[in-house]
Every structure is written in structure tokens, then in C-alpha cells.
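Text of start-v3.cif (mmCIF, C-alpha atoms) as supplied:
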data_target
#
loop_
_atom_site.label_atom_id
_atom_site.label_comp_id
_atom_site.auth_asym_id
_atom_site.auth_seq_id
_atom_site.Cartn_x
_atom_site.Cartn_y
_atom_site.Cartn_z
CA MET L 220 1.04 36.03 -0.84
CA GLU L 221 4.49 34.57 -0.16
CA GLU L 222 4.84 30.79 -0.09
CA HIS L 223 5.58 30.57 3.63
CA THR L 224 2.59 32.79 4.45
CA LEU L 225 0.41 30.78 2.09
CA ILE L 226 1.43 27.52 3.79
CA ALA L 227 0.76 29.01 7.24
CA SER L 228 -2.68 30.15 6.08
CA LEU L 229 -3.39 26.71 4.63
CA LYS L 230 -2.41 25.10 7.92
CA SER L 231 -4.93 27.30 9.70
CA ARG L 232 -7.59 26.13 7.20
CA ASN L 233 -7.99 29.52 5.55
CA GLN L 234 -10.41 29.06 2.65
CA ALA L 235 -9.13 32.06 0.69
CA ALA L 236 -5.61 30.61 0.87
CA PHE L 237 -6.86 27.24 -0.33
CA ARG L 238 -8.66 28.89 -3.24
CA GLN L 239 -5.46 30.73 -4.15
CA LEU L 240 -3.49 27.49 -4.01
CA VAL L 241 -5.98 25.69 -6.26
CA GLU L 242 -6.08 28.53 -8.76
CA THR L 243 -2.29 28.73 -8.85
CA TYR L 244 -1.63 25.02 -9.29
CA GLN L 245 -4.75 23.58 -10.97
CA VAL L 246 -3.34 23.77 -14.51
CA ARG L 247 0.02 22.20 -13.53
CA VAL L 248 -1.68 19.44 -11.54
CA TYR L 249 -4.30 18.72 -14.21
CA ASN L 250 -1.72 18.71 -17.02
CA THR L 251 0.59 16.33 -15.13
CA VAL L 252 -2.21 13.97 -14.16
CA LEU L 253 -3.73 14.03 -17.66
CA SER L 254 -0.38 13.23 -19.29
CA LEU L 255 0.12 10.25 -16.97
CA ILE L 256 -3.47 8.96 -16.90
CA GLN L 257 -4.30 9.81 -20.52
CA HIS L 258 -8.02 10.11 -19.85
CA ASN L 259 -9.79 13.50 -19.59
CA GLU L 260 -12.60 12.76 -17.09
CA GLU L 261 -10.43 10.63 -14.86
CA ALA L 262 -7.72 13.29 -14.88
CA GLU L 263 -10.12 15.88 -13.47
CA ASP L 264 -11.24 13.43 -10.79
CA ILE L 265 -7.66 12.66 -9.75
CA ALA L 266 -6.65 16.33 -9.90
CA GLN L 267 -9.44 17.01 -7.39
CA GLU L 268 -8.13 14.19 -5.19
CA VAL L 269 -4.67 15.78 -5.28
CA PHE L 270 -6.03 19.05 -3.85
CA ILE L 271 -8.13 17.20 -1.26
CA GLU L 272 -4.95 15.40 -0.16
CA VAL L 273 -3.05 18.72 -0.04
CA TYR L 274 -5.82 20.22 2.13
CA ARG L 275 -5.83 17.21 4.47
CA SER L 276 -2.09 16.78 4.89
CA VAL L 277 -0.73 20.33 4.66
CA GLU L 278 -0.41 20.50 8.46
CA ASN L 279 2.24 17.75 8.20
CA PHE L 280 4.15 19.53 5.40
CA ARG L 281 7.57 20.36 6.87
CA GLU L 282 8.65 22.65 4.02
CA ASP L 283 11.72 20.53 3.23
CA SER L 284 10.86 21.06 -0.43
CA THR L 285 8.96 23.80 -2.22
CA LEU L 286 5.16 23.69 -2.20
CA SER L 287 5.26 23.13 -5.95
CA THR L 288 7.43 19.98 -5.82
CA TRP L 289 5.39 18.63 -2.88
CA ILE L 290 2.20 19.05 -4.95
CA TYR L 291 3.86 17.40 -7.98
CA ARG L 292 4.81 14.49 -5.70
CA ILE L 293 1.20 14.05 -4.58
CA ALA L 294 -0.01 14.36 -8.19
CA THR L 295 2.35 11.66 -9.48
CA THR L 296 1.60 9.37 -6.52
CA LYS L 297 -2.15 9.70 -7.03
CA SER L 298 -1.77 9.13 -10.77
CA LEU L 299 0.32 6.02 -10.20
CA GLU L 300 -2.25 4.67 -7.74
CA ALA L 301 -4.94 5.17 -10.38
CA ILE L 302 -2.82 3.51 -13.09
CA ARG L 303 -2.14 0.48 -10.83
CA LYS L 304 -5.80 0.25 -9.87
CA LYS L 305 -6.70 0.27 -13.54
CA LYS L 306 -4.16 -2.47 -14.28
CA THR L 307 -5.64 -4.61 -11.50
CA GLN L 308 -9.11 -4.03 -12.88
CA LYS L 309 -7.89 -5.06 -16.32
CA ARG L 310 -6.55 -8.33 -14.91
CA PHE L 311 -10.02 -9.14 -13.65
CA ALA L 312 -11.79 -7.67 -16.64
CA PHE L 313 -12.56 -11.13 -18.02
CA LEU L 314 -14.59 -11.86 -14.87
CA THR L 315 -16.64 -8.68 -15.14
CA SER L 316 -17.23 -9.36 -18.82
CA LEU L 317 -18.62 -12.76 -17.85
CA PHE L 318 -21.30 -10.95 -15.89
CA GLY L 319 -21.86 -8.42 -18.64
CA LYS L 320 -20.60 -5.48 -16.61
CA ASN L 321 -19.39 -2.70 -18.84
CA ASP L 322 -17.00 -0.57 -16.83
CA GLU L 323 -15.70 2.41 -18.81
CA LEU L 324 -12.61 2.81 -16.65
CA LEU L 325 -11.32 -0.55 -17.75
CA HIS L 326 -10.84 0.60 -21.28
CA GLN L 327 -8.19 3.22 -21.73
CA SER L 328 -8.52 5.12 -24.94
CA PRO L 329 -5.76 3.94 -27.29
CA ASP L 330 -5.91 7.26 -29.16
CA PHE L 331 -5.34 9.73 -26.38
CA GLU L 332 -5.00 13.21 -27.77
CA HIS L 333 -3.39 15.80 -25.51
CA PRO L 334 -5.26 19.08 -26.07
CA GLY L 335 -2.07 21.14 -25.78
CA VAL L 336 -0.25 19.54 -28.71
CA VAL L 337 0.12 21.69 -31.84
CA ALA L 338 -2.21 20.68 -34.65
CA GLU L 339 0.39 19.28 -37.08
CA ASN L 340 1.80 16.95 -34.38
CA LYS L 341 -1.51 15.48 -33.18
CA GLU L 342 -1.09 12.10 -34.89
CA LEU L 343 2.57 11.65 -33.96
CA SER L 344 1.89 12.64 -30.34
CA GLN L 345 -0.88 10.04 -30.10
CA THR L 346 1.67 7.39 -31.03
CA LEU L 347 4.18 8.83 -28.56
CA PHE L 348 1.68 8.93 -25.68
CA GLU L 349 0.75 5.32 -26.38
CA ALA L 350 4.44 4.38 -26.18
CA ILE L 351 4.92 6.44 -22.99
CA SER L 352 2.05 4.52 -21.36
CA LYS L 353 4.06 1.30 -21.87
CA LEU L 354 7.13 2.55 -19.99
CA PRO L 355 7.91 1.35 -16.45
CA ASP L 356 6.31 3.65 -13.83
CA ASN L 357 9.44 5.60 -12.79
CA GLN L 358 10.57 6.19 -16.38
CA ARG L 359 7.05 7.24 -17.32
CA ILE L 360 6.88 9.81 -14.50
CA ALA L 361 10.37 11.21 -15.08
CA TYR L 362 9.83 11.48 -18.85
CA THR L 363 6.43 13.14 -18.38
CA LEU L 364 7.62 15.66 -15.79
CA VAL L 365 10.60 16.67 -17.92
CA ASN L 366 9.21 16.49 -21.46
CA VAL L 367 5.52 17.26 -20.99
CA GLU L 368 5.41 19.39 -17.84
CA GLY L 369 8.77 21.05 -18.60
CA LEU L 370 10.35 20.59 -15.16
CA SER L 371 14.12 20.72 -14.79
CA TYR L 372 16.02 17.60 -13.73
CA VAL L 373 16.49 19.11 -10.26
CA GLU L 374 12.76 19.84 -9.86
CA THR L 375 11.91 16.36 -11.15
CA ALA L 376 14.37 14.83 -8.68
CA GLU L 377 12.70 16.72 -5.81
CA ALA L 378 9.22 15.76 -6.96
CA MET L 379 10.20 12.10 -7.27
CA ASP L 380 12.32 12.16 -4.09
CA ILE L 381 15.38 10.79 -5.92
CA THR L 382 18.76 12.22 -6.96
CA LYS L 383 19.37 14.27 -10.08
CA SER L 384 21.61 11.55 -11.51
CA SER L 385 18.81 9.03 -11.02
CA VAL L 386 16.52 11.28 -13.05
CA GLU L 387 19.15 11.52 -15.81
CA SER L 388 19.41 7.75 -15.83
CA LEU L 389 15.62 7.32 -15.94
CA ILE L 390 15.30 9.77 -18.83
CA PHE L 391 18.11 8.05 -20.74
CA ARG L 392 16.46 4.63 -20.31
CA ALA L 393 13.03 6.03 -21.10
CA LYS L 394 14.27 7.47 -24.40
CA GLY L 395 15.93 4.16 -25.28
CA ASN L 396 12.77 2.22 -24.51
CA LEU L 397 10.61 4.67 -26.43
CA LYS L 398 12.85 4.30 -29.48
CA LYS L 399 12.52 0.51 -29.29
CA LEU L 400 8.74 0.68 -28.88
CA LEU L 401 8.37 3.16 -31.73
CA LYS L 402 10.67 1.11 -33.98
CA THR L 403 8.53 -1.99 -33.44
CA TYR L 404 5.39 0.07 -34.06
CA TYR L 405 6.65 1.65 -37.30
CA GLU L 406 8.19 -1.58 -38.60
CA GLU L 407 4.77 -3.21 -38.32
CA ASP L 408 3.19 -0.12 -39.86
CA PHE L 409 5.59 0.18 -42.80
CA GLY L 410 6.09 -3.55 -43.20
CA MET R 88 15.19 2.03 -42.45
CA LYS R 89 16.06 5.73 -42.75
CA ASN R 90 12.36 6.48 -43.03
CA ILE R 91 11.68 4.67 -39.77
CA ASP R 92 14.51 6.45 -37.93
CA LYS R 93 13.24 9.78 -39.22
CA LYS R 94 9.70 8.95 -38.13
CA ILE R 95 10.91 7.95 -34.66
CA GLU R 96 12.76 11.25 -34.25
CA GLU R 97 9.72 13.20 -35.45
CA THR R 98 7.53 11.30 -32.99
CA LEU R 99 9.87 11.93 -30.07
CA ASN R 100 9.90 15.62 -30.98
CA SER R 101 6.13 15.83 -31.41
CA LEU R 102 5.64 17.32 -27.91
CA ASP R 103 7.86 20.31 -28.72
CA GLY R 104 6.02 23.59 -28.35
CA MET R 105 3.00 22.01 -26.71
CA ASN R 106 0.82 23.97 -24.29
CA ARG R 107 -0.43 22.81 -20.93
CA ALA R 108 -3.87 21.24 -20.86
CA GLU R 109 -6.35 23.11 -18.68
CA PRO R 110 -9.21 21.68 -16.61
CA ARG R 111 -12.79 22.66 -17.43
CA PRO R 112 -13.95 26.06 -16.08
CA PHE R 113 -15.11 26.29 -12.43
CA PHE R 114 -12.66 23.60 -11.28
CA TYR R 115 -12.50 25.15 -7.78
CA THR R 116 -16.31 25.24 -7.47
CA ARG R 117 -16.57 21.55 -8.34
CA LEU R 118 -13.73 20.70 -5.99
CA LYS R 119 -15.37 22.55 -3.07
CA ALA R 120 -18.71 20.88 -3.79
CA ARG R 121 -17.00 17.49 -3.68
CA MET R 122 -15.20 18.29 -0.43
CA GLU R 123 -18.41 19.51 1.24
CA ASN R 124 -20.28 16.45 0.01
CA GLU R 125 -17.60 14.10 1.37
CA ALA R 126 -17.54 15.94 4.69
CA SER R 127 -21.32 15.64 5.06
CA VAL R 128 -21.22 11.87 4.80
CA SER R 129 -20.63 10.72 8.37
CA THR R 130 -20.45 7.01 7.61
CA TYR R 131 -17.35 7.38 5.45
CA ALA R 132 -15.94 3.93 6.25
CA VAL R 133 -19.21 2.17 5.53
CA ARG R 134 -19.50 4.02 2.25
CA LYS R 135 -16.07 2.76 1.19
CA LEU R 136 -17.10 -0.86 1.71
CA LYS R 137 -18.10 -2.52 -1.50
CA PRO R 138 -20.94 -5.06 -1.64
CA ALA R 139 -18.39 -7.74 -2.52
CA LEU R 140 -16.77 -7.19 0.89
CA LEU R 141 -19.89 -6.27 2.81
CA VAL R 142 -21.79 -9.52 2.15
CA PRO R 143 -19.05 -11.92 3.40
CA MET R 144 -18.44 -9.61 6.39
CA LEU R 145 -22.12 -9.68 7.33
CA ALA R 146 -22.20 -13.47 6.88
CA CYS R 147 -19.15 -13.90 9.15
CA SER R 148 -20.63 -11.57 11.73
CA LEU R 149 -23.94 -13.49 11.70
CA LEU R 150 -22.11 -16.82 12.04
CA LEU R 151 -20.09 -15.54 14.99
CA SER R 152 -23.22 -14.21 16.69
CA VAL R 153 -25.04 -17.54 16.30
CA ALA R 154 -21.98 -19.43 17.62
CA SER R 155 -21.67 -17.07 20.60
CA VAL R 156 -25.37 -17.35 21.51
CA TYR R 157 -25.22 -21.16 21.24
CA THR R 158 -22.08 -21.32 23.45
CA VAL R 159 -23.53 -19.01 26.10
CA LEU R 160 -26.85 -20.85 26.21
CA SER R 161 -25.28 -24.30 26.58
CA TYR R 162 -22.94 -23.00 29.31
CA ASP R 163 -25.82 -21.37 31.21
CA THR R 164 -27.90 -24.57 31.11
CA GLN R 165 -25.06 -26.65 32.59
CA ASP R 166 -24.18 -23.99 35.10
CA ALA R 167 -27.78 -23.47 36.17
CA SER R 168 -28.37 -27.19 36.80
CA LEU R 169 -25.20 -27.45 38.88
CA SER R 170 -25.82 -24.37 40.95
CA SER R 171 -29.44 -25.32 41.77
CA ARG R 172 -28.19 -28.75 42.85
CA ASP R 173 -25.58 -27.16 45.13
CA ALA R 174 -28.14 -24.74 46.55
CA PHE R 175 -30.50 -27.61 47.31
CA ILE R 176 -27.71 -29.55 49.15
CA GLN R 177 -26.80 -26.47 51.17
CA GLU R 178 -30.36 -25.46 52.06
CA TYR R 179 -31.40 -28.86 53.36
CA GLY R 180 -28.02 -29.74 54.89
CA LEU R 181 -27.65 -32.85 52.80
CA ASN R 182 -24.39 -34.63 52.22
CA GLU R 183 -23.05 -35.66 48.80
CA SER R 184 -24.10 -39.30 49.10
CA VAL R 185 -27.75 -38.40 49.70
CA SER R 186 -27.83 -35.78 47.03
CA THR R 187 -26.64 -38.15 44.36
CA LEU R 188 -29.50 -40.58 45.02
CA ASN R 189 -32.12 -40.93 42.36
CA TYR R 190 -35.62 -40.41 43.64
#
Represent the supplied structure as C-alpha cells.
Amino acid sequence: MEEHTLIASLKSRNQAAFRQLVETYQVRVYNTVLSLIQHNEEAEDIAQEVFIEVYRSVENFREDSTLSTWIYRIATTKSLEAIRKKKTQKRFAFLTSLFGKNDELLHQSPDFEHPGVVAENKELSQTLFEAISKLPDNQRIAYTLVNVEGLSYVETAEAMDITKSSVESLIFRAKGNLKKLLKTYYEEDFG
Amino acid sequence: MKNIDKKIEETLNSLDGMNRAEPRPFFYTRLKARMENEASVSTYAVRKLKPALLVPMLACSLLLSVASVYTVLSYDTQDASLSSRDAFIQEYGLNESVSTLNY
């Protein structure tokens, strides 16, 4: 089914079209969300929310961008919302601990292991993902879309609704920040 | 220092050749189940309210109700006494001076 036909079918609430959309994009959405969230169960939950949002708002989709970049935009927005929510929860974590509440979501795994990483790079990638999680939001999204999801700068720019040169700038700053973070980490480790 | 620089480069390159992570099997089935479940809940807004918000909201609502009832009752009492007085004056053709006498 061509993209325009697929979108038209989605707008008319065709269930077969929605199934096709999910099956086409589920891996891309899940992989993007997982790389940003760095938590397996939460990633599935948010990936589902992405498709629910697509289903609900497809009638307002004006086809200014491709379906793919629109879905990436929803996926990154939903992931960011979840990250911010988690940060807020962490700020109040001391209060919940006073009442003995043990909320799993508050504690992000420090040793996130992406299942797609080749075996010999597992340990190094854990360190890299930890450093990526410390980047500012925009740098984190741009770096993840380009280096984990493999999008081009143009596709990333469309997904983030910014210019290509802004993406280049974000990637440049992200790499610089990652080098600084990793240097501090390894200096402590070797020192 | 060279060791650290080398390690940093290796770390930055550690995502090379990685594959995409895939969700667990039957993702679509679970998604549809969730959508149907959410659609079946008619009181969506109420469900979103957390107890931390619900309790103060109920308390405020109760307080407003009590205040409204109290205001209405006190107004009705005053109003009722005045209107019965006026009705009495009209019915018996009394003037103001007579009606204000204490019997």
C-alpha cells in the first residue's frame, strides 16, 4: 500500500491499515524509544503510546512531512515527556522514600544494555549510553536518531522540526560533551 | 593519557554495526488490547485523577457546598420574615407605623 493510500485508510479508521502501520514501524519506534529511555519495559509502554497517539491524531496529519518522520517526531516527544516525568519523580523521590514507597520507575538502570549491540562492544556501549543519558535533551535526541537509529541529518532535521545545520551543530556539541563526560569517567577509572 | 583517548574513541565507536532492538512478539495484539481497554473505560478523566488531587478536590467541593447551603438558608430566613411582614400589612390594610408596633 502506498503511503498516501495508507494515510487515507488510517484517517478512515481502517483497522487493517493500522495493523500494517504498526507492523511496519514498530521496530523503528521501539528502538528509538528504548535508546532514549534506556529501560526495556518502559520502552514498550511508550512505544504503544506512540501508536495510540498516531491513531488518534492521524486525521490532523497534513502530510507536510513523510509518515516516517512524523512518527519519529511523536516517538521522540513521548520519550522526552517520559524522561522529564522521571526527572520530576526523582526530585521528589526523597519524599516517597520517607513513606517507604518503592517505585521502580524512579530508578533508572545505570547499566543499560542495548540488545542490538555486538557482543564485544557490550561494556563500552553501556558506558556510552550512560554518557548519552547525561546530554541535554536536544543533543540526546539528535545523537540517538543519527548514531543509533541511523537517520540522515535531513531526516533527523525533519523529525525534530529544525534545520539541517541545527542538527549538525547539535551533533557536534553532543560529541564534544560525550568526550568530556567519557574523559572524566575514564580518568576516575584509571586514576 | 593516550590510553584514555583511545578508550574514548573506542567507546564512541561502540555502536558501530549495532542492530535495531525489537519489541517482544505480539506487540500489535498487546497494543490493540490496551486500546480496547482504554476505550471501554468511560470515566477516563476520573481515572486520570490521582488520590493526591482527588482528596483536596473533594474537600474543596464539600466546603463550597456547606458554604452555599448556609448562605441560602440565612438569606431565605431573612427574606421569609420580611415578606410575611409585608403580606400581613397588605392583607389587613395597615400602615407602617402600626405594623412596627410591638404587641
- Query: Could you write out as a ChimeraX atom specification the residues of chain L within 7 Å of chain R, counting all atoms listed in the file?
  - Reply: /L:241,246,249-250,263,267,334-337,340,343-344,347,367,398,401-402,405
- Task: Please indicate the distance in Å from CA of Thr243 (chain L) to CA of Glu125 (chain R), rounded to one decimal place.
- Result: 23.5 Å
- Task: Would you work out the distance separating CA of Thr251 (chain L) from CA of Lys93 (chain R), expressed in Å to one decimal?
- Result: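 So the two atoms, CA of Thr251 (chain L) and CA of Lys93 (chain R), lie 28.0 Å apart.
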- The distance between CA of Ile226 (chain L) and CA of Ala294 (chain L) is 17.9 Å
- Message: Residues near Thr295 (chain L), anyone? I mean within 10 Å using all atoms listed in the file, not counting same-chain ones fewer than 5 positions away, as a VMD selection string.
- Response: chain L and resid 248 251 to 252 255 to 256 269 290 300 to 301 356 to 357 360 to 361 363 to 364 378 to 379
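Of the residues listed (L:Ser384, L:Gln245, L:Ser231, L:Thr224), L:Ser231 shows the shortest atom-to-atom separation from Ser276 (chain L); distances use all atoms listed in the file.
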- Note on the structure: Using all atoms listed in the file, the residue out of L:Lys341, L:Gln308, L:Thr288, L:Pro355 with shortest distance to Ser371 (chain L) is L:Thr288
Using all atoms of region 121-126 of chain R listed in the file and a margin of 3 Å per side, can you give the axis-aligned box centre and edge lengths in Å to one decimal, as lines of an AutoDock Vina configuration file?
center_x = -17.7
center_y = 16.8
center_z = 0.5
size_x = 11.1
size_y = 11.4
size_z = 14.4
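Distances from L:Ser284, L:Thr307, L:Thr375, L:Asn366 to Lys394 (chain L) were compared using only C-alpha atoms, and the smallest one belongs to L:Asn366.
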- Item | Protein, DNA and RNA residues within 6 Å of (-3.5, 14.9, -6.6), only C-alpha atoms, as a count of residues only | 8
Will you model all heavy atoms for region 149-160 of chain R and pass it back as an mmCIF file, in the frame of the given file?
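Now in result_18.cif:
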data_model
loop_
_atom_site.group_PDB
_atom_site.id
_atom_site.type_symbol
_atom_site.label_atom_id
_atom_site.label_comp_id
_atom_site.auth_asym_id
_atom_site.auth_seq_id
_atom_site.Cartn_x
_atom_site.Cartn_y
_atom_site.Cartn_z
ATOM 1 N N LEU R 149 -22.733 -12.715 11.328
ATOM 2 C CA LEU R 149 -23.940 -13.490 11.700
ATOM 3 C C LEU R 149 -23.542 -14.847 12.267
ATOM 4 O O LEU R 149 -24.067 -15.288 13.299
ATOM 5 C CB LEU R 149 -24.822 -13.663 10.457
ATOM 6 C CG LEU R 149 -26.210 -14.241 10.708
ATOM 7 C CD1 LEU R 149 -27.061 -13.246 11.491
ATOM 8 C CD2 LEU R 149 -26.897 -14.577 9.394
ATOM 9 N N LEU R 150 -22.585 -15.501 11.613
ATOM 10 C CA LEU R 150 -22.110 -16.820 12.040
ATOM 11 C C LEU R 150 -21.506 -16.750 13.440
ATOM 12 O O LEU R 150 -21.792 -17.594 14.301
ATOM 13 C CB LEU R 150 -21.064 -17.319 11.040
ATOM 14 C CG LEU R 150 -20.804 -18.815 11.020
ATOM 15 C CD1 LEU R 150 -22.018 -19.549 10.475
ATOM 16 C CD2 LEU R 150 -19.585 -19.129 10.151
ATOM 17 N N LEU R 151 -20.707 -15.727 13.674
ATOM 18 C CA LEU R 151 -20.090 -15.540 14.990
ATOM 19 C C LEU R 151 -21.138 -15.293 16.066
ATOM 20 O O LEU R 151 -21.038 -15.824 17.175
ATOM 21 C CB LEU R 151 -19.096 -14.360 14.948
ATOM 22 C CG LEU R 151 -17.734 -14.667 14.346
ATOM 23 C CD1 LEU R 151 -16.944 -13.373 14.173
ATOM 24 C CD2 LEU R 151 -16.941 -15.613 15.261
ATOM 25 N N SER R 152 -22.151 -14.507 15.733
ATOM 26 C CA SER R 152 -23.220 -14.210 16.690
ATOM 27 C C SER R 152 -23.953 -15.479 17.077
ATOM 28 O O SER R 152 -24.204 -15.737 18.253
ATOM 29 C CB SER R 152 -24.213 -13.221 16.085
ATOM 30 O OG SER R 152 -23.552 -12.085 15.680
ATOM 31 N N VAL R 153 -24.311 -16.294 16.051
ATOM 32 C CA VAL R 153 -25.040 -17.540 16.300
ATOM 33 C C VAL R 153 -24.186 -18.451 17.187
ATOM 34 O O VAL R 153 -24.680 -19.030 18.165
ATOM 35 C CB VAL R 153 -25.415 -18.224 14.965
ATOM 36 C CG1 VAL R 153 -25.944 -19.632 15.197
ATOM 37 C CG2 VAL R 153 -26.439 -17.393 14.217
ATOM 38 N N ALA R 154 -22.882 -18.564 16.853
ATOM 39 C CA ALA R 154 -21.980 -19.430 17.620
ATOM 40 C C ALA R 154 -21.868 -18.953 19.061
ATOM 41 O O ALA R 154 -21.899 -19.762 19.991
ATOM 42 C CB ALA R 154 -20.611 -19.453 16.950
ATOM 43 N N SER R 155 -21.785 -17.628 19.255
ATOM 44 C CA SER R 155 -21.670 -17.070 20.600
ATOM 45 C C SER R 155 -22.926 -17.357 21.418
ATOM 46 O O SER R 155 -22.855 -17.790 22.569
ATOM 47 C CB SER R 155 -21.482 -15.556 20.553
ATOM 48 O OG SER R 155 -20.440 -15.251 19.718
ATOM 49 N N VAL R 156 -24.089 -17.129 20.806
ATOM 50 C CA VAL R 156 -25.370 -17.350 21.510
ATOM 51 C C VAL R 156 -25.487 -18.821 21.902
ATOM 52 O O VAL R 156 -25.851 -19.164 23.038
ATOM 53 C CB VAL R 156 -26.566 -16.922 20.605
ATOM 54 C CG1 VAL R 156 -27.878 -17.416 21.171
ATOM 55 C CG2 VAL R 156 -26.576 -15.406 20.471
ATOM 56 N N TYR R 157 -25.135 -19.718 20.986
ATOM 57 C CA TYR R 157 -25.220 -21.160 21.240
ATOM 58 C C TYR R 157 -24.307 -21.548 22.406
ATOM 59 O O TYR R 157 -24.717 -22.259 23.323
ATOM 60 C CB TYR R 157 -24.826 -21.917 19.972
ATOM 61 C CG TYR R 157 -24.846 -23.419 20.144
ATOM 62 C CD1 TYR R 157 -26.067 -24.121 20.126
ATOM 63 C CD2 TYR R 157 -23.677 -24.127 20.342
ATOM 64 C CE1 TYR R 157 -26.092 -25.494 20.313
ATOM 65 C CE2 TYR R 157 -23.696 -25.503 20.515
ATOM 66 C CZ TYR R 157 -24.907 -26.181 20.490
ATOM 67 O OH TYR R 157 -24.923 -27.524 20.679
ATOM 68 N N THR R 158 -23.055 -21.014 22.387
ATOM 69 C CA THR R 158 -22.080 -21.320 23.450
ATOM 70 C C THR R 158 -22.587 -20.835 24.804
ATOM 71 O O THR R 158 -22.550 -21.561 25.795
ATOM 72 C CB THR R 158 -20.729 -20.650 23.135
ATOM 73 O OG1 THR R 158 -20.379 -20.958 21.795
ATOM 74 C CG2 THR R 158 -19.633 -21.131 24.067
ATOM 75 N N VAL R 159 -23.061 -19.596 24.835
ATOM 76 C CA VAL R 159 -23.530 -19.010 26.100
ATOM 77 C C VAL R 159 -24.717 -19.793 26.646
ATOM 78 O O VAL R 159 -24.776 -20.117 27.832
ATOM 79 C CB VAL R 159 -23.902 -17.512 25.879
ATOM 80 C CG1 VAL R 159 -24.659 -16.964 27.074
ATOM 81 C CG2 VAL R 159 -22.636 -16.711 25.648
ATOM 82 N N LEU R 160 -25.649 -20.131 25.763
ATOM 83 C CA LEU R 160 -26.850 -20.850 26.210
ATOM 84 C C LEU R 160 -26.497 -22.215 26.783
ATOM 85 O O LEU R 160 -26.996 -22.600 27.851
ATOM 86 C CB LEU R 160 -27.838 -21.018 25.042
ATOM 87 C CG LEU R 160 -28.671 -19.778 24.719
ATOM 88 C CD1 LEU R 160 -29.591 -20.061 23.545
ATOM 89 C CD2 LEU R 160 -29.492 -19.339 25.943
#
